[in-house]
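As stored in input.cif (mmCIF, C-alpha atoms):
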data_structure
#
loop_
_atom_site.label_atom_id
_atom_site.label_comp_id
_atom_site.auth_asym_id
_atom_site.auth_seq_id
_atom_site.Cartn_x
_atom_site.Cartn_y
_atom_site.Cartn_z
CA MET A 1242 -14.16 -11.09 -175.70
CA ALA A 1243 -12.61 -8.05 -174.04
CA ALA A 1244 -13.53 -7.37 -170.43
CA VAL A 1245 -16.14 -4.69 -169.82
CA PRO A 1246 -14.55 -1.59 -168.24
CA GLU A 1247 -15.77 -0.95 -164.70
CA LEU A 1248 -16.08 2.28 -162.73
CA ALA A 1249 -16.73 2.31 -158.98
CA VAL A 1250 -19.03 5.03 -157.65
CA ILE A 1251 -19.30 5.92 -153.97
CA GLY A 1252 -22.74 7.17 -152.92
CA GLY A 1253 -26.18 6.18 -154.09
CA GLY A 1254 -27.95 9.49 -154.71
CA GLN A 1255 -29.46 10.87 -157.89
CA LEU A 1256 -26.08 11.98 -159.24
CA ALA A 1257 -24.85 8.39 -159.30
CA ARG A 1258 -28.21 7.34 -160.76
CA MET A 1259 -27.80 9.76 -163.66
CA MET A 1260 -24.30 8.42 -164.41
CA GLN A 1261 -25.84 5.07 -165.28
CA GLN A 1262 -27.37 6.05 -168.63
CA PRO A 1263 -24.17 7.38 -170.26
CA ALA A 1264 -22.22 4.47 -168.76
CA ILE A 1265 -24.56 2.05 -170.55
CA ALA A 1266 -24.11 3.91 -173.84
CA LEU A 1267 -20.32 3.92 -173.46
CA GLY A 1268 -20.18 0.21 -172.60
CA ILE A 1269 -19.04 0.83 -169.02
CA ARG A 1270 -20.25 -1.11 -166.00
CA LEU A 1271 -20.87 0.85 -162.81
CA ARG A 1272 -20.15 -0.71 -159.43
CA LEU A 1273 -21.90 1.17 -156.63
CA LEU A 1274 -21.47 1.56 -152.87
CA ALA A 1275 -24.93 2.64 -151.72
CA GLU A 1276 -26.23 3.86 -148.38
CA GLY A 1277 -29.26 1.56 -148.53
CA PRO A 1278 -30.79 -1.15 -150.72
CA ASP A 1279 -33.40 1.16 -152.31
CA VAL A 1280 -31.66 4.53 -152.55
CA SER A 1281 -31.90 6.37 -155.84
CA ALA A 1282 -28.91 4.87 -157.69
CA ALA A 1283 -29.28 1.38 -156.23
CA GLN A 1284 -32.63 1.12 -158.03
CA VAL A 1285 -30.91 1.24 -161.44
CA VAL A 1286 -27.32 0.04 -160.87
CA VAL A 1287 -27.42 -3.74 -160.71
CA ASP A 1288 -23.91 -4.21 -159.35
CA HIS A 1289 -24.25 -2.50 -155.98
CA GLU A 1290 -23.36 -3.17 -152.39
CA VAL A 1291 -24.88 -1.53 -149.33
CA GLY A 1292 -22.20 -0.08 -147.09
CA ASP A 1293 -20.84 2.90 -145.19
CA TYR A 1294 -18.55 5.24 -147.13
CA THR A 1295 -16.60 5.85 -143.90
CA ASP A 1296 -15.77 2.11 -143.68
CA LEU A 1297 -12.43 1.47 -145.41
CA ASP A 1298 -13.16 -2.24 -145.77
CA ALA A 1299 -16.39 -1.46 -147.63
CA LEU A 1300 -14.49 0.94 -149.90
CA ARG A 1301 -11.86 -1.72 -150.59
CA ARG A 1302 -14.51 -4.29 -151.50
CA ILE A 1303 -16.34 -2.05 -153.96
CA THR A 1304 -13.10 -0.95 -155.64
CA ALA A 1305 -11.50 -4.42 -155.82
CA ASP A 1306 -10.16 -5.03 -159.35
CA VAL A 1307 -11.40 -1.61 -160.46
CA ASP A 1308 -8.94 0.96 -161.78
CA VAL A 1309 -10.94 4.12 -161.06
CA VAL A 1310 -13.36 5.29 -158.36
CA THR A 1311 -15.49 8.44 -158.43
CA PHE A 1312 -18.11 9.97 -156.17
CA ASP A 1313 -21.74 11.00 -155.80
CA HIS A 1314 -20.70 13.25 -152.87
CA GLU A 1315 -17.56 14.74 -151.28
CA HIS A 1316 -17.68 13.13 -147.85
CA VAL A 1317 -15.37 10.09 -148.05
CA PRO A 1318 -12.55 10.56 -145.48
CA PRO A 1319 -9.33 11.73 -147.17
CA ALA A 1320 -7.27 9.11 -145.31
CA HIS A 1321 -9.42 6.38 -146.86
CA LEU A 1322 -8.94 7.85 -150.32
CA ARG A 1323 -5.18 7.93 -149.85
CA ALA A 1324 -5.30 4.28 -148.75
CA LEU A 1325 -7.18 3.39 -151.94
CA GLN A 1326 -4.63 5.30 -154.00
CA ASP A 1327 -1.79 3.50 -152.28
CA SER A 1328 -3.41 0.20 -153.28
CA GLY A 1329 -3.49 1.24 -156.95
CA VAL A 1330 -7.02 2.65 -157.31
CA ALA A 1331 -7.19 6.04 -159.04
CA CYS A 1332 -9.50 8.36 -157.04
CA ARG A 1333 -10.98 10.98 -159.35
CA PRO A 1334 -11.13 13.61 -158.06
CA GLY A 1335 -8.35 12.76 -155.62
CA PRO A 1336 -8.07 13.58 -151.92
CA GLN A 1337 -5.70 16.49 -152.63
CA ALA A 1338 -8.57 18.18 -154.49
CA LEU A 1339 -11.61 16.89 -152.60
CA ILE A 1340 -10.45 18.35 -149.30
CA TYR A 1341 -11.39 21.78 -150.65
CA ALA A 1342 -14.93 20.62 -151.43
CA GLN A 1343 -15.20 18.96 -148.01
CA ASP A 1344 -14.20 21.99 -145.95
CA LYS A 1345 -15.40 25.48 -146.82
CA GLY A 1346 -12.71 27.08 -144.67
CA ASP A 1347 -9.95 25.29 -146.58
CA MET A 1348 -11.74 26.22 -149.81
CA ARG A 1349 -11.71 29.93 -148.98
CA ALA A 1350 -8.04 29.82 -148.01
CA LYS A 1351 -7.16 28.08 -151.28
CA LEU A 1352 -9.13 30.58 -153.34
CA ALA A 1353 -7.20 33.38 -151.65
CA GLU A 1354 -3.93 31.58 -152.39
CA LEU A 1355 -4.95 31.32 -156.07
CA SER A 1356 -5.91 35.05 -156.07
CA LEU A 1357 -9.45 34.23 -157.20
CA PRO A 1358 -12.31 36.64 -156.42
CA ALA A 1359 -14.40 35.72 -153.38
CA PRO A 1360 -16.28 37.42 -150.52
CA ALA A 1361 -14.29 38.63 -147.50
CA PHE A 1362 -14.11 35.82 -144.94
CA ALA A 1363 -12.80 34.66 -141.60
CA VAL A 1364 -12.53 31.15 -140.13
CA VAL A 1365 -12.97 30.64 -136.40
CA ASP A 1366 -12.73 27.46 -134.36
CA PRO A 1367 -14.85 27.45 -131.18
CA GLY A 1368 -13.59 23.96 -130.33
CA THR A 1369 -9.92 24.93 -130.29
CA ASP A 1370 -10.04 28.62 -129.39
CA GLY A 1371 -13.06 28.53 -127.11
CA ALA A 1372 -16.46 30.12 -127.58
CA GLU A 1373 -15.49 33.45 -126.03
CA VAL A 1374 -12.53 33.97 -128.35
CA ALA A 1375 -14.54 32.79 -131.38
CA ARG A 1376 -17.36 35.23 -130.56
CA ALA A 1377 -14.85 38.08 -130.25
CA GLU A 1378 -13.34 37.18 -133.63
CA LEU A 1379 -16.79 37.11 -135.25
CA ALA A 1380 -17.68 40.44 -133.65
CA ALA A 1381 -14.48 41.93 -135.04
CA PHE A 1382 -15.32 40.51 -138.47
CA GLY A 1383 -18.78 42.11 -138.31
CA GLU A 1384 -17.27 45.47 -137.41
CA ARG A 1385 -14.78 45.16 -140.27
CA VAL A 1386 -17.10 44.07 -143.13
CA GLY A 1387 -20.45 45.19 -141.73
CA TRP A 1388 -23.51 43.59 -140.19
CA PRO A 1389 -25.34 41.44 -141.14
CA PHE A 1390 -23.00 38.77 -142.46
CA ILE A 1391 -23.22 35.06 -143.24
CA VAL A 1392 -22.05 32.26 -140.96
CA LYS A 1393 -21.61 28.72 -142.29
CA THR A 1394 -20.39 25.46 -140.88
CA THR A 1395 -17.17 24.58 -142.69
CA ARG A 1396 -18.18 20.93 -143.09
CA GLY A 1397 -21.48 19.46 -144.19
CA GLY A 1398 -24.41 21.72 -144.89
CA TYR A 1399 -26.33 21.57 -148.15
CA ASP A 1400 -29.48 23.06 -149.67
CA GLY A 1401 -29.54 25.91 -147.18
CA LYS A 1402 -28.68 23.82 -144.12
CA GLY A 1403 -25.74 24.94 -142.00
CA VAL A 1404 -26.03 28.56 -143.17
CA TRP A 1405 -27.15 31.52 -141.04
CA LYS A 1406 -27.56 35.25 -141.62
CA VAL A 1407 -26.60 37.07 -138.43
CA ALA A 1408 -27.29 40.71 -137.70
CA SER A 1409 -26.03 40.88 -134.10
CA LEU A 1410 -24.01 38.97 -131.52
CA ASP A 1411 -27.23 37.61 -130.03
CA GLU A 1412 -28.01 35.89 -133.32
CA LEU A 1413 -24.80 33.87 -133.09
CA ASP A 1414 -26.32 31.52 -130.48
CA GLU A 1415 -27.99 29.20 -133.01
CA PRO A 1416 -24.97 28.72 -135.31
CA PHE A 1417 -22.66 28.32 -132.30
CA SER A 1418 -24.84 25.53 -130.91
CA ALA A 1419 -25.16 23.76 -134.26
CA VAL A 1420 -21.48 23.98 -135.16
CA ALA A 1421 -20.33 22.98 -131.67
CA ALA A 1422 -22.44 19.82 -131.95
CA SER A 1423 -20.84 18.94 -135.29
CA GLY A 1424 -17.24 19.60 -134.25
CA ALA A 1425 -16.64 21.73 -137.36
CA ARG A 1426 -15.22 25.23 -137.60
CA MET A 1427 -17.22 28.35 -138.44
CA LEU A 1428 -16.84 30.36 -141.64
CA ALA A 1429 -17.90 34.01 -141.62
CA GLU A 1430 -18.47 35.71 -144.98
CA GLU A 1431 -19.51 39.18 -145.98
CA LEU A 1432 -23.10 39.49 -147.18
CA VAL A 1433 -22.71 40.14 -150.90
CA ASP A 1434 -25.04 42.56 -152.67
CA PHE A 1435 -25.49 40.43 -155.76
CA ARG A 1436 -27.67 40.76 -158.82
CA ARG A 1437 -28.04 37.02 -159.37
CA GLU A 1438 -26.29 33.68 -158.96
CA LEU A 1439 -24.36 32.04 -161.77
CA SER A 1440 -22.69 28.68 -162.23
CA ALA A 1441 -19.73 27.83 -164.43
CA GLN A 1442 -18.95 24.18 -165.15
CA VAL A 1443 -15.92 22.50 -166.66
CA ALA A 1444 -14.97 18.88 -167.26
CA ARG A 1445 -11.27 18.00 -166.96
CA ARG A 1446 -9.26 14.86 -167.76
CA PRO A 1447 -6.05 13.72 -166.02
CA SER A 1448 -4.17 14.92 -169.12
CA GLY A 1449 -5.47 18.45 -168.52
CA GLU A 1450 -7.91 18.50 -171.44
CA MET A 1451 -10.93 20.62 -170.49
CA VAL A 1452 -14.28 21.53 -171.97
CA VAL A 1453 -16.36 24.46 -170.72
CA TYR A 1454 -20.15 24.58 -170.48
CA PRO A 1455 -22.11 27.80 -170.98
CA VAL A 1456 -22.39 29.92 -167.83
CA VAL A 1457 -25.91 29.50 -166.42
CA GLU A 1458 -28.17 31.45 -164.08
CA SER A 1459 -29.58 29.67 -161.04
CA ARG A 1460 -32.48 30.77 -158.87
CA GLN A 1461 -32.57 29.79 -155.22
CA ARG A 1462 -35.40 29.63 -152.71
CA ASP A 1463 -34.64 29.05 -149.02
CA GLY A 1464 -31.12 28.02 -149.99
CA ILE A 1465 -32.31 25.40 -152.49
CA CYS A 1466 -31.78 25.64 -156.23
CA VAL A 1467 -35.20 25.74 -157.87
CA GLU A 1468 -34.47 26.75 -161.47
CA VAL A 1469 -31.57 26.99 -163.91
CA THR A 1470 -31.51 28.84 -167.25
CA ALA A 1471 -28.82 27.99 -169.79
CA PRO A 1472 -27.18 30.13 -170.90
CA ALA A 1473 -27.61 32.92 -168.34
CA PRO A 1474 -29.86 35.55 -169.98
CA ASP A 1475 -28.39 38.99 -170.75
CA LEU A 1476 -24.96 38.03 -169.46
CA ASP A 1477 -22.24 40.43 -170.54
CA VAL A 1478 -19.62 38.70 -172.70
CA ALA A 1479 -16.78 39.92 -170.48
CA THR A 1480 -18.56 38.69 -167.33
CA ALA A 1481 -19.16 35.28 -168.90
CA ALA A 1482 -15.49 35.08 -169.87
CA GLU A 1483 -14.44 36.01 -166.32
CA ALA A 1484 -16.73 33.38 -164.80
CA THR A 1485 -15.33 30.75 -167.15
CA ALA A 1486 -11.75 31.80 -166.41
CA VAL A 1487 -12.41 31.45 -162.66
CA ALA A 1488 -13.78 27.93 -163.14
CA THR A 1489 -10.85 26.80 -165.27
CA SER A 1490 -8.40 28.34 -162.79
CA VAL A 1491 -10.01 26.36 -159.96
CA ALA A 1492 -9.89 23.15 -162.00
CA GLU A 1493 -6.22 23.62 -162.86
CA GLY A 1494 -5.15 25.06 -159.51
CA LEU A 1495 -6.69 22.17 -157.56
CA ASP A 1496 -5.94 19.47 -160.18
CA VAL A 1497 -9.61 18.50 -160.40
CA VAL A 1498 -10.46 15.44 -162.52
CA GLY A 1499 -14.10 15.03 -163.54
CA MET A 1500 -16.85 17.64 -163.44
CA LEU A 1501 -16.37 20.86 -161.51
CA ALA A 1502 -19.18 23.34 -160.81
CA VAL A 1503 -18.26 26.78 -159.51
CA GLU A 1504 -21.19 28.71 -158.05
CA LEU A 1505 -20.74 32.46 -158.38
CA PHE A 1506 -22.32 35.75 -157.38
CA GLU A 1507 -22.72 38.36 -160.11
CA THR A 1508 -22.52 41.59 -158.15
CA GLN A 1509 -24.51 44.72 -158.87
CA ASP A 1510 -21.36 46.35 -160.30
CA GLY A 1511 -20.68 43.47 -162.72
CA ARG A 1512 -18.02 41.49 -160.84
CA VAL A 1513 -18.12 37.75 -160.18
CA LEU A 1514 -17.27 36.26 -156.77
CA VAL A 1515 -16.89 32.57 -155.97
CA ASN A 1516 -19.58 31.33 -153.61
CA GLU A 1517 -18.88 27.58 -153.46
CA PHE A 1518 -17.84 24.73 -155.72
CA ALA A 1519 -18.47 21.01 -156.16
CA MET A 1520 -16.18 18.42 -157.73
CA ARG A 1521 -18.86 16.21 -159.26
CA PRO A 1522 -21.91 16.62 -161.45
CA HIS A 1523 -24.05 19.38 -160.02
CA ASN A 1524 -27.68 20.46 -159.89
CA THR A 1525 -26.91 23.51 -162.04
CA GLY A 1526 -25.76 21.19 -164.84
CA HIS A 1527 -28.80 18.90 -165.02
CA TRP A 1528 -30.07 20.92 -167.99
CA SER A 1529 -27.23 19.42 -170.03
CA ILE A 1530 -28.83 15.94 -170.16
CA ASP A 1531 -31.41 17.20 -172.63
CA GLY A 1532 -29.92 20.56 -173.59
CA ALA A 1533 -26.25 19.92 -174.47
CA GLU A 1534 -24.48 17.77 -177.04
CA THR A 1535 -22.76 15.91 -174.18
CA SER A 1536 -24.29 15.89 -170.71
CA GLN A 1537 -22.32 16.67 -167.57
CA PHE A 1538 -22.81 13.05 -166.51
CA GLU A 1539 -21.32 11.63 -169.70
CA ASN A 1540 -18.39 14.02 -169.57
CA HIS A 1541 -17.82 13.17 -165.90
CA VAL A 1542 -17.63 9.46 -166.77
CA ARG A 1543 -15.40 10.18 -169.75
CA ALA A 1544 -13.12 12.45 -167.73
CA VAL A 1545 -12.53 10.12 -164.78
CA LEU A 1546 -11.81 7.24 -167.18
CA ASP A 1547 -9.47 9.53 -169.17
CA LEU A 1548 -11.52 9.31 -172.36
CA PRO A 1549 -11.73 12.18 -174.88
CA LEU A 1550 -14.34 14.70 -173.78
CA GLY A 1551 -17.52 15.52 -175.66
CA SER A 1552 -18.86 18.86 -176.84
CA PRO A 1553 -20.66 20.92 -174.18
CA SER A 1554 -22.42 23.03 -176.82
CA PRO A 1555 -26.16 23.64 -176.41
CA ARG A 1556 -28.51 21.80 -178.75
CA GLN A 1557 -30.94 24.71 -178.85
CA GLU A 1558 -30.77 28.37 -177.95
CA TRP A 1559 -32.29 27.93 -174.48
CA ALA A 1560 -32.67 25.22 -171.87
CA VAL A 1561 -34.50 25.61 -168.56
CA MET A 1562 -34.30 23.06 -165.74
CA VAL A 1563 -36.78 23.24 -162.86
CA ASN A 1564 -36.39 21.03 -159.80
CA ILE A 1565 -39.35 18.99 -158.61
CA LEU A 1566 -39.51 19.61 -154.87
CA GLY A 1567 -41.74 17.51 -152.67
CA GLY A 1568 -45.20 19.06 -152.46
CA ARG A 1569 -48.85 17.97 -152.47
CA VAL A 1570 -48.32 15.32 -155.15
CA THR A 1571 -47.24 12.09 -153.45
CA ASP A 1572 -47.57 9.65 -156.37
CA LEU A 1573 -45.13 10.99 -158.93
CA VAL A 1574 -45.41 7.94 -161.17
CA ALA A 1575 -49.16 8.44 -161.59
CA GLN A 1576 -48.80 12.21 -161.97
CA ARG A 1577 -46.14 11.78 -164.64
CA ALA A 1578 -48.81 10.95 -167.25
CA VAL A 1579 -50.68 14.16 -166.42
CA ALA A 1580 -47.51 16.22 -166.83
CA LEU A 1581 -46.59 14.54 -170.12
CA ALA A 1582 -50.06 15.08 -171.51
CA ALA A 1583 -49.92 18.77 -170.58
CA GLU A 1584 -46.36 19.38 -171.85
CA PRO A 1585 -45.30 16.42 -174.04
CA ASP A 1586 -42.02 18.02 -175.15
CA VAL A 1587 -40.72 18.61 -171.60
CA HIS A 1588 -38.27 15.98 -170.36
CA ILE A 1589 -39.07 14.50 -166.94
CA HIS A 1590 -36.44 12.93 -164.69
CA LEU A 1591 -37.62 11.21 -161.51
CA TYR A 1592 -35.15 10.04 -158.86
CA GLY A 1593 -37.11 7.19 -157.27
CA LYS A 1594 -37.28 8.96 -153.91
CA ASP A 1595 -40.08 9.12 -151.39
CA VAL A 1596 -41.79 12.50 -151.52
CA LYS A 1597 -41.03 14.73 -148.54
CA PRO A 1598 -41.76 18.47 -148.28
CA GLY A 1599 -39.07 20.45 -150.08
CA ARG A 1600 -37.01 17.37 -151.01
CA LYS A 1601 -35.49 17.18 -154.49
CA VAL A 1602 -37.34 14.23 -156.04
CA GLY A 1603 -36.73 14.96 -159.71
CA HIS A 1604 -36.39 17.67 -162.31
CA VAL A 1605 -37.81 18.70 -165.67
CA THR A 1606 -36.08 20.33 -168.63
CA ALA A 1607 -37.53 22.26 -171.55
CA THR A 1608 -35.58 23.50 -174.56
CA GLY A 1609 -36.31 25.83 -177.47
CA ASP A 1610 -35.63 29.15 -179.19
CA ASP A 1611 -38.14 31.32 -177.28
CA LEU A 1612 -37.03 31.81 -173.67
CA ASP A 1613 -40.45 32.91 -172.40
CA ASP A 1614 -42.07 29.80 -173.87
CA VAL A 1615 -39.33 27.52 -172.56
CA LEU A 1616 -39.70 28.97 -169.08
CA ARG A 1617 -43.48 28.62 -169.19
CA ARG A 1618 -43.38 24.96 -170.28
CA ALA A 1619 -40.74 23.94 -167.74
CA ARG A 1620 -42.44 25.72 -164.85
CA ARG A 1621 -45.86 24.30 -165.76
CA SER A 1622 -44.55 20.74 -165.95
CA ALA A 1623 -42.78 21.09 -162.59
CA ALA A 1624 -45.87 22.62 -160.98
CA ILE A 1625 -48.02 19.69 -162.13
CA LEU A 1626 -45.55 17.25 -160.60
CA THR A 1627 -45.15 19.25 -157.40
CA ASP A 1628 -48.65 20.41 -156.50
CA GLY A 1629 -50.85 19.13 -159.33
CA ASP A 1630 -51.30 22.67 -160.63
CA GLU A 1631 -52.04 22.53 -164.38
CA THR A 1632 -52.66 26.27 -164.66
CA ALA A 1633 -49.13 27.38 -163.76
#
What would you get if you wrote out this structure as structure tokens?
Amino acid sequence: MAAVPELAVIGGGQLARMMQQPAIALGIRLRLLAEGPDVSAAQVVVDHEVGDYTDLDALRRITADVDVVTFDHEHVPPAHLRALQDSGVACRPGPQALIYAQDKGDMRAKLAELSLPAPAFAVVDPGTDGAEVARAELAAFGERVGWPFIVKTTRGGYDGKGVWKVASLDELDEPFSAVAASGARMLAEELVDFRRELSAQVARRPSGEMVVYPVVESRQRDGICVEVTAPAPDLDVATAAEATAVATSVAEGLDVVGMLAVELFETQDGRVLVNEFAMRPHNTGHWSIDGAETSQFENHVRAVLDLPLGSPSPRQEWAVMVNILGGRVTDLVAQRAVALAAEPDVHIHLYGKDVKPGRKVGHVTATGDDLDDVLRRARRSAAILTDGDETA
């Protein structure tokens, strides 16, 4: 009997967890390096080891006799990835691409090199240049593009963390303290007057084959994605084409293998600007599990293993994904029955996480031909699972 193909995955979050189902269907065995024995993916992936993704020996153990390794997050040190590549393990995406997802300053510089549309920016390094020089550079940036503007840490930061809106020099104290403690650089960006946020996703194989998902609209609250509508309602055809062209240009320009999500601003005058991107399955693509012919997770697994890609076409006219954020409901398993009884056609995905305020602990997806009804059903189901509110 032929050996079962194996794929190593670094990181035990919900993204790795959601790779398990398509891997089972495709006859692929996942091998997981998890942060703890009961993290989200470790609960469903039998072949897992608890270890530190910054420990090269742990990475070597989990990838032993495996041809390909992929990732639940972007944070594995590039030197470790190059060491794995030198030993014959294909890292997908590779360190030459992942560096741009790890460091927002490098990302902005690369986007400029590729002539892709993005907000005006400046990168300053308080650690190298000193705080006084860095403050002067940020002040000059504010005078050039206008106050207020956005300051981000170039490394780390997620779901609104590591991001500050500053309206004066006095308001730089908090980001300076936080970034100095992390040892990262600071990224200043113009504050974009945008109509809404969009996301364009592509899957790409080593051969260069790509498939493109519909451009979606995402809604954020306090820097956290709370809702995604696929496709983005009332999106001009030319704007959708531009967003897709930007995503494919990033994938080709950076030689990304696997899923790529490019988060975009749609400006008030109809332009699209790149906000950030992720080289892995992404929250804005969770709708595809129930709403597309081939989910982002299946196409990620196919892509990194260099298998032919599946259709990203929607199954129905609309799909709406709403995140379940930690709220008053603490027993999601018990509350699941209430939500299913209220909205039996809404798909519930729980991540096996302890409920904490504002934490992503799952999501729901509704599909159909009437957008208002799809929105209502998805929001009601999520509200029941978040706060027990059946009247939403």
* Residues picked by the PyMOL selection byres ((chain A and resi 1344-1353) around 10) here, as an NGL selection string? -> :A and (1315-1316 or 1338-1343 or 1354-1365 or 1393-1398 or 1425-1430 or 1487 or 1490-1491 or 1494-1495 or 1515-1518)
Using only C-alpha atoms, find each residue in stretch 1481-1582 of chain A having at least one atom no more than 10 Å away from stretch 1267-1278 of chain A; report its shortest atom-to-atom pair and that distance in Å (one decimal), rows by chain then rising number, as JSON lines.
{"residue": "A:Glu1539", "atom": "CA", "partner": "A:Leu1267", "partner_atom": "CA", "distance": 8.6}
{"residue": "A:Val1542", "atom": "CA", "partner": "A:Ile1269", "partner_atom": "CA", "distance": 9.0}
{"residue": "A:Arg1543", "atom": "CA", "partner": "A:Leu1267", "partner_atom": "CA", "distance": 8.8}
{"residue": "A:Leu1546", "atom": "CA", "partner": "A:Ile1269", "partner_atom": "CA", "distance": 9.8}
* Contacts of A:Ile1251 within 9 Å, only C-alpha atoms, excl. fewer than 4 positions in-chain, as number ranges by chain -> A: 1257, 1272-1275, 1294, 1300, 1303, 1310-1314, 1317
* Taking (-48.1, 15.1, -151.2) in the file's coordinates, which residues come within 8 Å, counting all atoms listed in the file, written as JSON, numbers by chain? -> {"A": [1567, 1568, 1569, 1570, 1571, 1572, 1596, 1597, 1598, 1628]}
* **Atomic distance atom CA of A:Gly1329 - atom CA of A:Ala1282, expressed in Å with one decimal** => 25.7 Å
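Going from atom CA of A:Ala1484 over to atom CA of A:Pro1553, you cover 16.1 Å.
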Excluding same-chain residues fewer than 3 positions from A:Asp1586, what lies within 9 Å of it counting all atoms listed in the file, as a PDB file with C-alpha atoms, in the frame of the given file?
ATOM      1  CA  LEU A1581     -46.590  14.540-170.120  1.00  0.00           C
ATOM      2  CA  ALA A1607     -37.530  22.260-171.550  1.00  0.00           C
ATOM      3  CA  THR A1608     -35.580  23.500-174.560  1.00  0.00           C
ATOM      4  CA  ARG A1618     -43.380  24.960-170.280  1.00  0.00           C
TER       5      ARG A1618
END
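Here the PyMOL selection byres ((chain A and resi 1280) around 12) catches exactly these residues: A:Gly1252, A:Gly1253, A:Gly1254, A:Gln1255, A:Leu1256, A:Ala1257, A:Arg1258, A:Leu1273, A:Leu1274, A:Ala1275, A:Glu1276, A:Gly1277, A:Pro1278, A:Asp1279, A:Ser1281, A:Ala1282, A:Ala1283, A:Gln1284, A:Val1285, A:Val1286, A:His1289, A:Glu1290, A:Val1291, A:Gly1292, A:Tyr1592, A:Gly1593, A:Lys1594, A:Asp1595, A:Val1602.
Picture a line from atom CA of A:Thr1627 to atom CA of A:His1590; it runs 13.0 Å.
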* Evaluate the PyMOL selection byres ((chain A and resi 1513) around 12) and record the selected residues as a ChimeraX atom specification, following the chain and residue labels used in the document. => /A:1357-1360,1433-1441,1456,1476-1477,1479-1488,1503-1512,1514-1516
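Using all atoms listed in the file, the shortest contact distance between A:Ser1459 and any of A:Val1250, A:Ala1473, A:Val1374, A:Val1420 is found at A:Ala1473.
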